Each structure stands twice: as C-alpha cells, then as structure tokens.
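Below: one structure, written as structure tokens.
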Amino acid sequence: MQHYHIAVLPGDGIGQEVITESVQTLEVLAQLHGGFRLDTHEFDWGSDYYLREGAMMPADGPTILKQSGFDGILLGPVGDPRVPDHITLWGLLLPIRQQFDQYVNLRPIRLLPGVRSPLANKGLADIDMICVRENTEGEYAGVGGRVHQGTNDEVAIQSTVFTRSGTVRIIRYAFQYAREHGRRKVTSATKSNSLQYNMVFWDEVFAQVAADYPEIPHEQQLIDSLAARFVSRPESLDVIVCSNLFGDILSDLGAALAGSMGLAPSANLNPERRYPSLFQAIHGSAPDIAGKGIANPIASIWSAQLMLDFFGEHEAATLLMRAIEDVLTARQALTPDLGGTATTHQLGDGIRTQLRTLA
Ligand code: NAI
Ligand code: MG
C-alpha cells in the first residue's frame, strides 16, 4: 500500500479553517478507499511565526521540508494585515516555489455544477479551461532593487527574467498537457507589442515548441484583450499558457468567472518529482472573513484532490471530485460566498458524507 507523507502549512487568516477541512477529507478518503495511507505533519510557519521569530519560516525551512521526505505540501494562504504583503510572500511561498523548482502552476478554471457564474447565459460547457502559469521566474524572479529611498532621487527597478530553458519547459508542459488530456487548443498570453524583448522572445519560443505538436491548434493573444475574451467568450479558450504575472491575474479573473474565489484550486508542480510539489487554493488569507468560520473550503479540498491526482491516485481523486460536484449540485450546506448559510466545517462535512455515500 502506498504511504504518503504530507507537510501541512495552514498559513494565515482563513488558512487553518480551510486546511483542516482538506486534511479531514483526505483522511476519510484514505479510510474509504483503502488503497493508500497518509500521515500529516503540521508546521506553524506564517505571520504569527514571523511576529514571534522575525522570519516567516526557519532559515532552513525548505531544507527541513526536503530532508523529511515529504511527498507533497498542503499550503494555506499567507498574508496578514500586521505584516507587509511582500514580506509574507517572499518569506514563505515564493522561496519554496523557486527552491523546489515548482515551475508549473496549474490552475483549473471550471464552472462546477450547481454554481452560478456571474456571466449571464454561460454554462458548464462554456467555462472549462486550464491556466498553465510559469512559476519560478518571469516578473516574479525577485531581481531588482531600490536606491536613494525616500528621496526625490529614488529609483525602484524590478527586472523580469525569462530564460530559454524556463520558457521552453513551461510552454512544452502546456502542449504536453493538452495532448495527454485531449484538450483542443493552446493559447499563449503575450504582450509583445509593448514588451519588445522578453515577450517577443516568449512568442518565438511558443512558435518553436508548437511546431513539435502539429495536431494541437495554437494561438497567441495580447494579455489585455485576452482578459476581455475571458469575459466575452470563455468558451473559446482551453489551455492557456502564461508568464508568472499574467497567470496570477488571469487565474483570479477565472476564479470569479467560475463563481467564487473560494472554489479555485492550484497545483505548484515539480514535474520531475525531484522536490515535493505544493498544493494550495489560489485565494488569499481573506482577513475580512477570517475567524468567522464561513470561508469556503472547496478550493482547498480541490487542491488536495489535485495532489492525489499528481500522486497517481486517480480513482480516489475522481471520487473526491464527484463528491464535491454532488454537494454543489444539491445546493445544501453551502457557504455564504455561494449563497448559502453553512459554515466552513458544515460544507466540509457535507463533502465527507457524500464520499461515504459514493464509496
Ligand atoms: P483574498 O483572496 O484573500 O480575498 C479576496 C476576496 O475573496 C475577499 O472578499 C475574501 O473574503 C474572498 N475570499 C477569498 N477566499 C475565500 C474563501 N475561501 N471563501 C469565501 N470567500 C473568500 O485576496 P486579497 O484580499 O487580495 O488578499 C488578502 C491577503 O492574502 C493579502 O495579505 C495577500 O497578500 C494574501 N494573499 C496570499 C495568497 C497566497 O498565499 N497564496 C494569494 C493571494 C493573496
Ligand atoms: Mg494570486
């Protein structure tokens, strides 16, 4: 029997509330399915840790995660009104993504049954895409600096870094994904009209890689009009490959189209499995609702589902997705973001009850 070791980092704000539901759901699924076991080890890294220790995680945090032999990481959001956002993000999430070479950020954008999109007249078949976001370089490479701070001579520079190897591998991943999952088309998000160096380079690599996948139609579109197309013709989109910043923005837009920030999952993958991959909801720590017990746990539970799928536990992953869809279809025990009055825990329980019914 497969035995998975999972690192759990609940993070900040609503993190603990939603991550608890993912862990409980995985445990129930493992019991019911019987084909695998898992154990979890929780780390209290995040903003409280920062306020206590002066850092978001221990200096050797990634080494601890690597040497403990974890198969996967479940991460809650990080972000706290008491700590500047660039400290929380650069103190935990971005270093893990970079050091674990999690260069693929996979973000399904799918309208689930029972959920209403804010787009009038768009149904399940219309909103079903996957965003393949570059996750280790680009606009979030972290290269830059500030000089003469606070003076009139102040200069702030944030450089974008595109490497050939990094660009080839993310675009290749998108085409490979399309091939393996029977997707219709790959769309590249670009901005090569204004960004005449890095995005022209991106377009060239896109064309070169596309040539290896002659059976998969491909196209590129400028990011601004692509954002408009998300809203006006989402049915015309399928696999979208984008740089770090563009993917970050497009996927929140996609989450809104799919009905709620509380429904959008993501996988941060090191496809070669040299390092553990990380699974997290795309939403933030939602300080406006933190502590109220009303956050939607589905994004987090769906992220755990993506982890099972990555492990190759396809049967269990399919079962879990089915349970999520059934609960949404029944429209019982939904959280306020979906128009219901249920708590985070009640929605999580609803999914676990449905799992027991299906198994
Ligand atoms: P946010 O995603 O936390 O919140 C945006 C809106 O969506 C809020 O109204 C919130 O209540 C709602 N929302 C988010 N998740 C929800 C859920 N599960 N159920 C129901 N409603 C939900 O984004 P915001 O406000 O821009 O950022 C808040 C903090 O989170 C900041 O400190 C930011 O830096 C951090 N953040 C962290 C991320 C991460 O760790 N992956 C990602 C995005 C933001
Ligand atoms: Mg984001």
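Chains: A, B, ... in order of the structure tokens. Residues: from 1 per chain. Ligands: from 1, in order shown.
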
I want to know what sits within 6 Å of range 158-164 of chain A, based on only C-alpha atoms, with residues of the same chain fewer than 6 positions away left out; could you give that as a PDB file with N, CA and C atoms, in the first residue's frame?
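Dumped to around22.pdb:
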ATOM      1  N   GLU A 137      10.094  32.188 -12.415  1.00  0.00           N
ATOM      2  CA  GLU A 137      10.911  33.300 -12.902  1.00  0.00           C
ATOM      3  C   GLU A 137      10.007  34.418 -13.421  1.00  0.00           C
ATOM      4  N   GLY A 138      10.297  34.941 -14.595  1.00  0.00           N
ATOM      5  CA  GLY A 138       9.456  35.989 -15.163  1.00  0.00           C
ATOM      6  C   GLY A 138       9.425  37.233 -14.302  1.00  0.00           C
ATOM      7  N   GLU A 139       8.241  37.787 -14.155  1.00  0.00           N
ATOM      8  CA  GLU A 139       8.081  39.045 -13.416  1.00  0.00           C
ATOM      9  C   GLU A 139       8.325  38.850 -11.927  1.00  0.00           C
ATOM     10  N   VAL A 143      14.307  39.930  -8.985  1.00  0.00           N
ATOM     11  CA  VAL A 143      15.538  40.643  -9.319  1.00  0.00           C
ATOM     12  C   VAL A 143      15.243  42.140  -9.386  1.00  0.00           C
ATOM     13  N   GLY A 144      15.994  42.906  -8.648  1.00  0.00           N
ATOM     14  CA  GLY A 144      15.780  44.350  -8.680  1.00  0.00           C
ATOM     15  C   GLY A 144      16.346  45.007  -7.451  1.00  0.00           C
TER      16      GLY A 144
END

Counting only C-alpha atoms and all ligand atoms, what are the residues of chain A within 6 Å of ligand 1, and for each of them which pair of atoms is the nearest and at what distance in Å, to one decimal? Sort the table by chain and rising number, as a Markdown table.
| residue | atom | partner | partner_atom_place_in_ligand_line | distance |
| --- | --- | --- | --- | --- |
| A:Pro77 | CA | ligand 1 | 40 (O) | 3.4 |
| A:Val78 | CA | ligand 1 | 40 (O) | 3.9 |
| A:Gly79 | CA | ligand 1 | 32 (O) | 3.3 |
| A:Asp80 | CA | ligand 1 | 32 (O) | 5.0 |
| A:Asp85 | CA | ligand 1 | 34 (O) | 4.6 |
| A:Met261 | CA | ligand 1 | 14 (C) | 5.1 |
| A:Gly262 | CA | ligand 1 | 18 (N) | 3.6 |
| A:Ile282 | CA | ligand 1 | 41 (N) | 5.5 |
| A:His283 | CA | ligand 1 | 2 (O) | 3.6 |
| A:Gly284 | CA | ligand 1 | 3 (O) | 3.2 |
| A:Ser285 | CA | ligand 1 | 30 (O) | 4.1 |
| A:Ala286 | CA | ligand 1 | 3 (O) | 3.3 |
| A:Asp288 | CA | ligand 1 | 11 (O) | 5.4 |
| A:Ile289 | CA | ligand 1 | 11 (O) | 5.4 |
| A:Ala295 | CA | ligand 1 | 19 (N) | 3.7 |
| A:Asn296 | CA | ligand 1 | 19 (N) | 3.7 |
| A:Pro297 | CA | ligand 1 | 18 (N) | 5.6 |
| A:Asp337 | CA | ligand 1 | 20 (C) | 5.2 |

Residues as selected, N, CA and C atoms, written as a PDB file, in the first residue's frame, can you do that?
ATOM      1  N   PRO A  77      -3.181  29.953   2.650  1.00  0.00           N
ATOM      2  CA  PRO A  77      -2.708  31.254   2.180  1.00  0.00           C
ATOM      3  C   PRO A  77      -1.839  31.923   3.243  1.00  0.00           C
ATOM      4  N   VAL A  78      -0.944  32.793   2.808  1.00  0.00           N
ATOM      5  CA  VAL A  78      -0.211  33.624   3.752  1.00  0.00           C
ATOM      6  C   VAL A  78      -0.521  35.084   3.475  1.00  0.00           C
ATOM      7  N   GLY A  79      -0.566  35.859   4.522  1.00  0.00           N
ATOM      8  CA  GLY A  79      -0.901  37.277   4.393  1.00  0.00           C
ATOM      9  C   GLY A  79      -1.622  37.708   5.661  1.00  0.00           C
ATOM     10  N   ASP A  80      -1.161  38.802   6.231  1.00  0.00           N
ATOM     11  CA  ASP A  80      -1.707  39.251   7.499  1.00  0.00           C
ATOM     12  C   ASP A  80      -1.626  40.777   7.519  1.00  0.00           C
ATOM     13  N   ASP A  85       2.740  42.685   2.768  1.00  0.00           N
ATOM     14  CA  ASP A  85       2.492  41.522   1.912  1.00  0.00           C
ATOM     15  C   ASP A  85       3.746  40.991   1.223  1.00  0.00           C
ATOM     16  N   MET A 261     -13.991  33.009  -5.436  1.00  0.00           N
ATOM     17  CA  MET A 261     -12.581  32.807  -5.084  1.00  0.00           C
ATOM     18  C   MET A 261     -12.430  31.532  -4.258  1.00  0.00           C
ATOM     19  N   GLY A 262     -13.482  31.178  -3.572  1.00  0.00           N
ATOM     20  CA  GLY A 262     -13.433  30.014  -2.681  1.00  0.00           C
ATOM     21  C   GLY A 262     -13.524  28.687  -3.401  1.00  0.00           C
ATOM     22  N   ILE A 282      -6.068  29.184  -4.635  1.00  0.00           N
ATOM     23  CA  ILE A 282      -5.433  30.402  -5.163  1.00  0.00           C
ATOM     24  C   ILE A 282      -5.796  31.639  -4.353  1.00  0.00           C
ATOM     25  N   HIS A 283      -6.816  31.526  -3.530  1.00  0.00           N
ATOM     26  CA  HIS A 283      -7.240  32.720  -2.784  1.00  0.00           C
ATOM     27  C   HIS A 283      -6.240  33.074  -1.685  1.00  0.00           C
ATOM     28  N   GLY A 284      -6.389  34.285  -1.158  1.00  0.00           N
ATOM     29  CA  GLY A 284      -5.529  34.738  -0.087  1.00  0.00           C
ATOM     30  C   GLY A 284      -6.114  34.420   1.281  1.00  0.00           C
ATOM     31  N   SER A 285      -5.614  35.108   2.302  1.00  0.00           N
ATOM     32  CA  SER A 285      -5.969  34.781   3.684  1.00  0.00           C
ATOM     33  C   SER A 285      -7.290  35.415   4.110  1.00  0.00           C
ATOM     34  N   ALA A 286      -7.919  36.170   3.195  1.00  0.00           N
ATOM     35  CA  ALA A 286      -9.255  36.741   3.405  1.00  0.00           C
ATOM     36  C   ALA A 286      -9.444  37.326   4.803  1.00  0.00           C
ATOM     37  N   ASP A 288     -10.983  39.724   5.802  1.00  0.00           N
ATOM     38  CA  ASP A 288     -12.345  40.217   6.074  1.00  0.00           C
ATOM     39  C   ASP A 288     -13.263  39.158   6.658  1.00  0.00           C
ATOM     40  N   ILE A 289     -12.972  37.879   6.418  1.00  0.00           N
ATOM     41  CA  ILE A 289     -13.845  36.837   6.973  1.00  0.00           C
ATOM     42  C   ILE A 289     -13.090  35.859   7.891  1.00  0.00           C
ATOM     43  N   ALA A 295     -15.497  30.624   5.630  1.00  0.00           N
ATOM     44  CA  ALA A 295     -14.740  30.532   4.371  1.00  0.00           C
ATOM     45  C   ALA A 295     -15.118  29.247   3.640  1.00  0.00           C
ATOM     46  N   ASN A 296     -15.116  29.332   2.345  1.00  0.00           N
ATOM     47  CA  ASN A 296     -15.413  28.158   1.525  1.00  0.00           C
ATOM     48  C   ASN A 296     -14.170  27.262   1.479  1.00  0.00           C
ATOM     49  N   PRO A 297     -14.295  26.001   1.935  1.00  0.00           N
ATOM     50  CA  PRO A 297     -13.113  25.125   1.950  1.00  0.00           C
ATOM     51  C   PRO A 297     -12.886  24.385   0.631  1.00  0.00           C
ATOM     52  N   ASP A 337     -20.425  32.642   0.370  1.00  0.00           N
ATOM     53  CA  ASP A 337     -19.940  33.087  -0.948  1.00  0.00           C
ATOM     54  C   ASP A 337     -20.710  32.405  -2.071  1.00  0.00           C
TER      55      ASP A 337
END

What does the list of residues within 9 Å of ligand 2 look like if you count only C-alpha atoms and all ligand atoms, written as number ranges by chain? A: 245, 247-252, 282-284

Any chance you can output those residues with C-alpha atoms as a tab-separated table (two decimals), in the first residue's frame?
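In the end it all went to result_17.tsv:
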chain	number	residue	atom	x	y	z
A	245	LEU	CA	2.34	37.73	-13.50
A	247	GLY	CA	-1.14	33.84	-14.94
A	248	ASP	CA	-1.58	35.29	-11.48
A	249	ILE	CA	-4.03	37.89	-12.76
A	250	LEU	CA	-5.87	35.71	-15.27
A	251	SER	CA	-6.49	32.98	-12.73
A	252	ASP	CA	-8.20	35.31	-10.24
A	282	ILE	CA	-5.43	30.40	-5.16
A	283	HIS	CA	-7.24	32.72	-2.78
A	284	GLY	CA	-5.53	34.74	-0.09

Write out as a compact mmCIF listing (two decimals) with N, CA and C atoms, in the first residue's frame the residues lying within 12 Å of Leu89 in chain A, counting only C-alpha atoms and excluding same-chain residues fewer than 5 positions away.
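Dumped everything to part.txt:
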# COMPACT_ATOMS: atom_id res chain seq x y z
N GLY A 11 -0.79 28.30 7.29
CA GLY A 11 -0.60 29.71 6.92
C GLY A 11 -1.41 30.65 7.80
N ASP A 12 -1.99 31.66 7.18
CA ASP A 12 -2.62 32.76 7.92
C ASP A 12 -4.12 32.87 7.66
N GLY A 46 4.41 31.11 9.17
CA GLY A 46 3.46 32.10 8.69
C GLY A 46 3.65 33.40 9.44
N SER A 47 2.60 34.22 9.46
CA SER A 47 2.75 35.57 10.02
C SER A 47 2.87 35.59 11.54
N TYR A 50 6.29 34.82 12.18
CA TYR A 50 7.12 35.98 11.84
C TYR A 50 7.13 37.00 12.99
N ALA A 55 10.97 35.88 11.21
CA ALA A 55 11.02 35.30 9.86
C ALA A 55 9.78 34.47 9.67
N MET A 56 9.34 34.32 8.41
CA MET A 56 8.10 33.57 8.13
C MET A 56 8.28 32.07 8.37
N MET A 57 9.51 31.61 8.21
CA MET A 57 9.82 30.20 8.47
C MET A 57 11.28 30.14 8.88
N PRO A 77 -3.18 29.95 2.65
CA PRO A 77 -2.71 31.25 2.18
C PRO A 77 -1.84 31.92 3.24
N VAL A 78 -0.94 32.79 2.81
CA VAL A 78 -0.21 33.62 3.75
C VAL A 78 -0.52 35.08 3.47
N GLY A 79 -0.57 35.86 4.52
CA GLY A 79 -0.90 37.28 4.39
C GLY A 79 -1.62 37.71 5.66
N ASP A 80 -1.16 38.80 6.23
CA ASP A 80 -1.71 39.25 7.50
C ASP A 80 -1.63 40.78 7.52
N VAL A 83 1.56 42.47 8.77
CA VAL A 83 2.86 42.25 8.13
C VAL A 83 2.75 42.67 6.66
N PRO A 84 3.74 43.44 6.14
CA PRO A 84 3.65 43.83 4.73
C PRO A 84 3.58 42.59 3.81
N LEU A 94 7.12 32.12 -2.16
CA LEU A 94 7.94 32.26 -3.36
C LEU A 94 9.27 31.51 -3.23
N PRO A 95 9.95 31.55 -2.07
CA PRO A 95 11.18 30.75 -1.95
C PRO A 95 10.93 29.25 -2.11
N ILE A 96 9.80 28.76 -1.59
CA ILE A 96 9.52 27.32 -1.74
C ILE A 96 9.31 26.99 -3.21
N ARG A 97 8.51 27.82 -3.91
CA ARG A 97 8.28 27.57 -5.33
C ARG A 97 9.60 27.54 -6.10
N TYR A 140 8.20 37.59 -11.44
CA TYR A 140 8.37 37.33 -10.01
C TYR A 140 9.73 36.69 -9.72
N GLY A 142 12.24 38.17 -8.70
CA GLY A 142 12.80 38.78 -7.48
C GLY A 142 14.11 39.51 -7.73
N GLY A 284 -6.39 34.29 -1.16
CA GLY A 284 -5.53 34.74 -0.09
C GLY A 284 -6.11 34.42 1.28
N SER A 285 -5.61 35.11 2.30
CA SER A 285 -5.97 34.78 3.68
C SER A 285 -7.29 35.42 4.11

Picked from range 155-245 of chain A by DSSP as helix (DSSP H, G or I), as a ChimeraX atom specification: /A:164-180,198-210,223-232,234-236,244-245

Determine, using only C-alpha atoms, which residues of range 147-243 of chain A have any atom at most 8 Å from an atom of range 253-258 of chain A, and tabulate each with its shortest atom pair and distance in Å to one decimal place, rows ordered by chain and then rising number, as JSON lines.
{"residue": "A:Ala227", "atom": "CA", "partner": "A:Leu253", "partner_atom": "CA", "distance": 7.9}
{"residue": "A:Phe230", "atom": "CA", "partner": "A:Gly254", "partner_atom": "CA", "distance": 7.4}
{"residue": "A:Val231", "atom": "CA", "partner": "A:Leu257", "partner_atom": "CA", "distance": 7.5}

Store the residues picked out above, limited to N, CA and C atoms, as a PDB file, in the first residue's frame.
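Just written: out12.pdb:
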ATOM      1  N   ALA A 227      -7.835  39.114 -21.573  1.00  0.00           N
ATOM      2  CA  ALA A 227      -8.631  39.284 -20.348  1.00  0.00           C
ATOM      3  C   ALA A 227     -10.088  39.593 -20.709  1.00  0.00           C
ATOM      4  N   PHE A 230     -11.802  36.448 -21.820  1.00  0.00           N
ATOM      5  CA  PHE A 230     -12.211  35.597 -20.696  1.00  0.00           C
ATOM      6  C   PHE A 230     -13.673  35.849 -20.360  1.00  0.00           C
ATOM      7  N   VAL A 231     -14.044  37.128 -20.419  1.00  0.00           N
ATOM      8  CA  VAL A 231     -15.401  37.513 -20.021  1.00  0.00           C
ATOM      9  C   VAL A 231     -16.384  37.363 -21.184  1.00  0.00           C
TER      10      VAL A 231
END

Can you list every residue in range 67-211 of chain A that DSSP puts in strand (DSSP E), as a ChimeraX atom specification? /A:72-75,104-110,128-134,138-147,155-161,186-190

Which value, in Å to one decimal, gives the distance between CA of Asn193 in chain A and CA of Gly166 in chain A? 21.6 Å

Tell me which of A:Pro234, A:Gly293, A:Gln196, A:Tyr103 sits closest to Thr343 in chain A, counting only C-alpha atoms.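 The answer is A:Gly293, which sits nearest to Thr343 in chain A.
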
Per residue of range 108-178 of chain A within 9 Å of range 315-329 of chain A, record the nearest atom pair and its distance in Å to one decimal, counting only C-alpha atoms, with rows in chain order and ascending residue number, as JSON lines.
{"residue": "A:Leu112", "atom": "CA", "partner": "A:Glu325", "partner_atom": "CA", "distance": 6.5}
{"residue": "A:Pro113", "atom": "CA", "partner": "A:Thr329", "partner_atom": "CA", "distance": 5.4}
{"residue": "A:Gly114", "atom": "CA", "partner": "A:Thr329", "partner_atom": "CA", "distance": 4.1}
{"residue": "A:Val115", "atom": "CA", "partner": "A:Leu328", "partner_atom": "CA", "distance": 6.8}

Can I get the selected residues back with N, CA and C atoms, as a PDB file, in the first residue's frame?
ATOM      1  N   LEU A 112     -18.399  24.672 -11.873  1.00  0.00           N
ATOM      2  CA  LEU A 112     -18.886  23.388 -11.377  1.00  0.00           C
ATOM      3  C   LEU A 112     -20.413  23.376 -11.371  1.00  0.00           C
ATOM      4  N   PRO A 113     -21.003  22.184 -11.434  1.00  0.00           N
ATOM      5  CA  PRO A 113     -22.462  22.106 -11.441  1.00  0.00           C
ATOM      6  C   PRO A 113     -23.057  22.724 -10.178  1.00  0.00           C
ATOM      7  N   GLY A 114     -24.176  23.359 -10.311  1.00  0.00           N
ATOM      8  CA  GLY A 114     -24.839  23.953  -9.147  1.00  0.00           C
ATOM      9  C   GLY A 114     -24.337  25.343  -8.813  1.00  0.00           C
ATOM     10  N   VAL A 115     -23.268  25.783  -9.493  1.00  0.00           N
ATOM     11  CA  VAL A 115     -22.705  27.104  -9.193  1.00  0.00           C
ATOM     12  C   VAL A 115     -23.081  28.060 -10.314  1.00  0.00           C
TER      13      VAL A 115
END

For Pro276 in chain A, please output as a ChimeraX atom specification all residues within 12 Å (counting only C-alpha atoms; exclusion window: fewer than 2 positions along the same chain). /A:4-7,62-74,96-103,267-274,278-279,307,310-311

List as a ChimeraX atom specification the protein and nucleic acid residues near Phe43 in chain A, meaning an atom at most 8 Å away when only C-alpha atoms are counted, but skip any in the same chain fewer than 3 places from it. /A:7-10

What's around range 167-176 of chain A at 8 Å? Count only C-alpha atoms, leave out sequence neighbours fewer than 2 positions away in its own chain, and write the answer as a PDB file with N, CA and C atoms, in the first residue's frame.
ATOM      1  N   TYR A 103       8.016  24.681 -11.220  1.00  0.00           N
ATOM      2  CA  TYR A 103       7.910  25.658 -12.299  1.00  0.00           C
ATOM      3  C   TYR A 103       6.557  25.664 -12.998  1.00  0.00           C
ATOM      4  N   VAL A 104       5.722  24.681 -12.691  1.00  0.00           N
ATOM      5  CA  VAL A 104       4.373  24.678 -13.271  1.00  0.00           C
ATOM      6  C   VAL A 104       3.352  25.053 -12.210  1.00  0.00           C
ATOM      7  N   VAL A 132      -1.913  27.369 -17.357  1.00  0.00           N
ATOM      8  CA  VAL A 132      -0.579  26.830 -17.074  1.00  0.00           C
ATOM      9  C   VAL A 132       0.344  28.033 -16.896  1.00  0.00           C
ATOM     10  N   ARG A 133       0.642  28.322 -15.654  1.00  0.00           N
ATOM     11  CA  ARG A 133       1.380  29.546 -15.325  1.00  0.00           C
ATOM     12  C   ARG A 133       2.830  29.223 -14.978  1.00  0.00           C
ATOM     13  N   GLU A 134       3.746  29.982 -15.570  1.00  0.00           N
ATOM     14  CA  GLU A 134       5.162  29.835 -15.206  1.00  0.00           C
ATOM     15  C   GLU A 134       5.300  30.300 -13.762  1.00  0.00           C
ATOM     16  N   PHE A 162      13.392  36.094 -18.160  1.00  0.00           N
ATOM     17  CA  PHE A 162      12.932  34.944 -18.941  1.00  0.00           C
ATOM     18  C   PHE A 162      14.166  34.187 -19.403  1.00  0.00           C
ATOM     19  N   THR A 163      14.285  32.937 -19.016  1.00  0.00           N
ATOM     20  CA  THR A 163      15.382  32.121 -19.533  1.00  0.00           C
ATOM     21  C   THR A 163      14.828  31.219 -20.623  1.00  0.00           C
ATOM     22  N   ARG A 164      15.699  30.821 -21.536  1.00  0.00           N
ATOM     23  CA  ARG A 164      15.225  29.923 -22.594  1.00  0.00           C
ATOM     24  C   ARG A 164      14.755  28.600 -21.997  1.00  0.00           C
ATOM     25  N   SER A 165      15.551  28.037 -21.091  1.00  0.00           N
ATOM     26  CA  SER A 165      15.153  26.739 -20.526  1.00  0.00           C
ATOM     27  C   SER A 165      13.827  26.864 -19.774  1.00  0.00           C
ATOM     28  N   ALA A 178      -2.077  19.438 -23.014  1.00  0.00           N
ATOM     29  CA  ALA A 178      -3.180  19.420 -23.983  1.00  0.00           C
ATOM     30  C   ALA A 178      -3.251  18.063 -24.672  1.00  0.00           C
ATOM     31  N   ARG A 179      -2.094  17.543 -25.064  1.00  0.00           N
ATOM     32  CA  ARG A 179      -2.056  16.249 -25.759  1.00  0.00           C
ATOM     33  C   ARG A 179      -2.583  15.139 -24.851  1.00  0.00           C
ATOM     34  N   GLU A 180      -2.099  15.109 -23.621  1.00  0.00           N
ATOM     35  CA  GLU A 180      -2.457  13.997 -22.732  1.00  0.00           C
ATOM     36  C   GLU A 180      -3.891  14.086 -22.225  1.00  0.00           C
ATOM     37  N   VAL A 186      -4.117  25.434 -27.507  1.00  0.00           N
ATOM     38  CA  VAL A 186      -3.273  26.133 -26.538  1.00  0.00           C
ATOM     39  C   VAL A 186      -3.202  27.609 -26.932  1.00  0.00           C
ATOM     40  N   TRP A 202       9.357  35.295 -25.791  1.00  0.00           N
ATOM     41  CA  TRP A 202       8.335  34.314 -25.373  1.00  0.00           C
ATOM     42  C   TRP A 202       7.569  33.803 -26.607  1.00  0.00           C
ATOM     43  N   VAL A 205       9.671  31.390 -28.697  1.00  0.00           N
ATOM     44  CA  VAL A 205       9.754  30.060 -28.090  1.00  0.00           C
ATOM     45  C   VAL A 205       8.418  29.335 -28.255  1.00  0.00           C
ATOM     46  N   PHE A 206       7.331  30.067 -28.090  1.00  0.00           N
ATOM     47  CA  PHE A 206       5.999  29.456 -28.235  1.00  0.00           C
ATOM     48  C   PHE A 206       5.853  28.836 -29.631  1.00  0.00           C
ATOM     49  N   VAL A 209       8.110  25.648 -29.935  1.00  0.00           N
ATOM     50  CA  VAL A 209       7.594  24.470 -29.229  1.00  0.00           C
ATOM     51  C   VAL A 209       6.322  23.964 -29.918  1.00  0.00           C
ATOM     52  N   ALA A 210       5.475  24.885 -30.359  1.00  0.00           N
ATOM     53  CA  ALA A 210       4.212  24.494 -31.013  1.00  0.00           C
ATOM     54  C   ALA A 210       4.480  23.602 -32.222  1.00  0.00           C
ATOM     55  N   TYR A 213       4.086  19.992 -31.860  1.00  0.00           N
ATOM     56  CA  TYR A 213       2.739  19.475 -31.566  1.00  0.00           C
ATOM     57  C   TYR A 213       1.788  19.862 -32.699  1.00  0.00           C
ATOM     58  N   ILE A 216      -2.084  19.969 -32.390  1.00  0.00           N
ATOM     59  CA  ILE A 216      -2.782  20.827 -31.421  1.00  0.00           C
ATOM     60  C   ILE A 216      -2.821  22.268 -31.934  1.00  0.00           C
ATOM     61  N   VAL A 239      -6.562  25.486 -23.053  1.00  0.00           N
ATOM     62  CA  VAL A 239      -5.322  25.573 -22.265  1.00  0.00           C
ATOM     63  C   VAL A 239      -4.709  26.946 -22.521  1.00  0.00           C
ATOM     64  N   ILE A 240      -4.362  27.640 -21.452  1.00  0.00           N
ATOM     65  CA  ILE A 240      -3.751  28.964 -21.592  1.00  0.00           C
ATOM     66  C   ILE A 240      -2.387  28.915 -20.930  1.00  0.00           C
ATOM     67  N   VAL A 241      -1.344  29.271 -21.673  1.00  0.00           N
ATOM     68  CA  VAL A 241      -0.006  29.268 -21.078  1.00  0.00           C
ATOM     69  C   VAL A 241       0.432  30.712 -20.890  1.00  0.00           C
TER      70      VAL A 241
END

Point out the residue among A:Leu124, A:Leu26, A:Leu32, A:Met199 with the least atom-to-atom distance to Phe246 in chain A, counting only C-alpha atoms.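 Distance minimum relative to Phe246 in chain A lands on A:Met199.
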
Residues at most 7 Å from His3 in chain A, counting only C-alpha atoms, excluding those fewer than 2 positions away in the same chain, as a CSV table (one decimal) with C-alpha atoms, in the first residue's frame?
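And here's around24.csv as it stands now:
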chain,number,residue,atom,x,y,z
A,1,MET,CA,0.0,0.0,0.0
A,5,HIS,CA,3.9,11.9,3.9
A,36,PHE,CA,-3.3,4.3,0.3
A,37,ARG,CA,-2.4,5.7,3.7
A,38,LEU,CA,-1.3,9.2,4.6
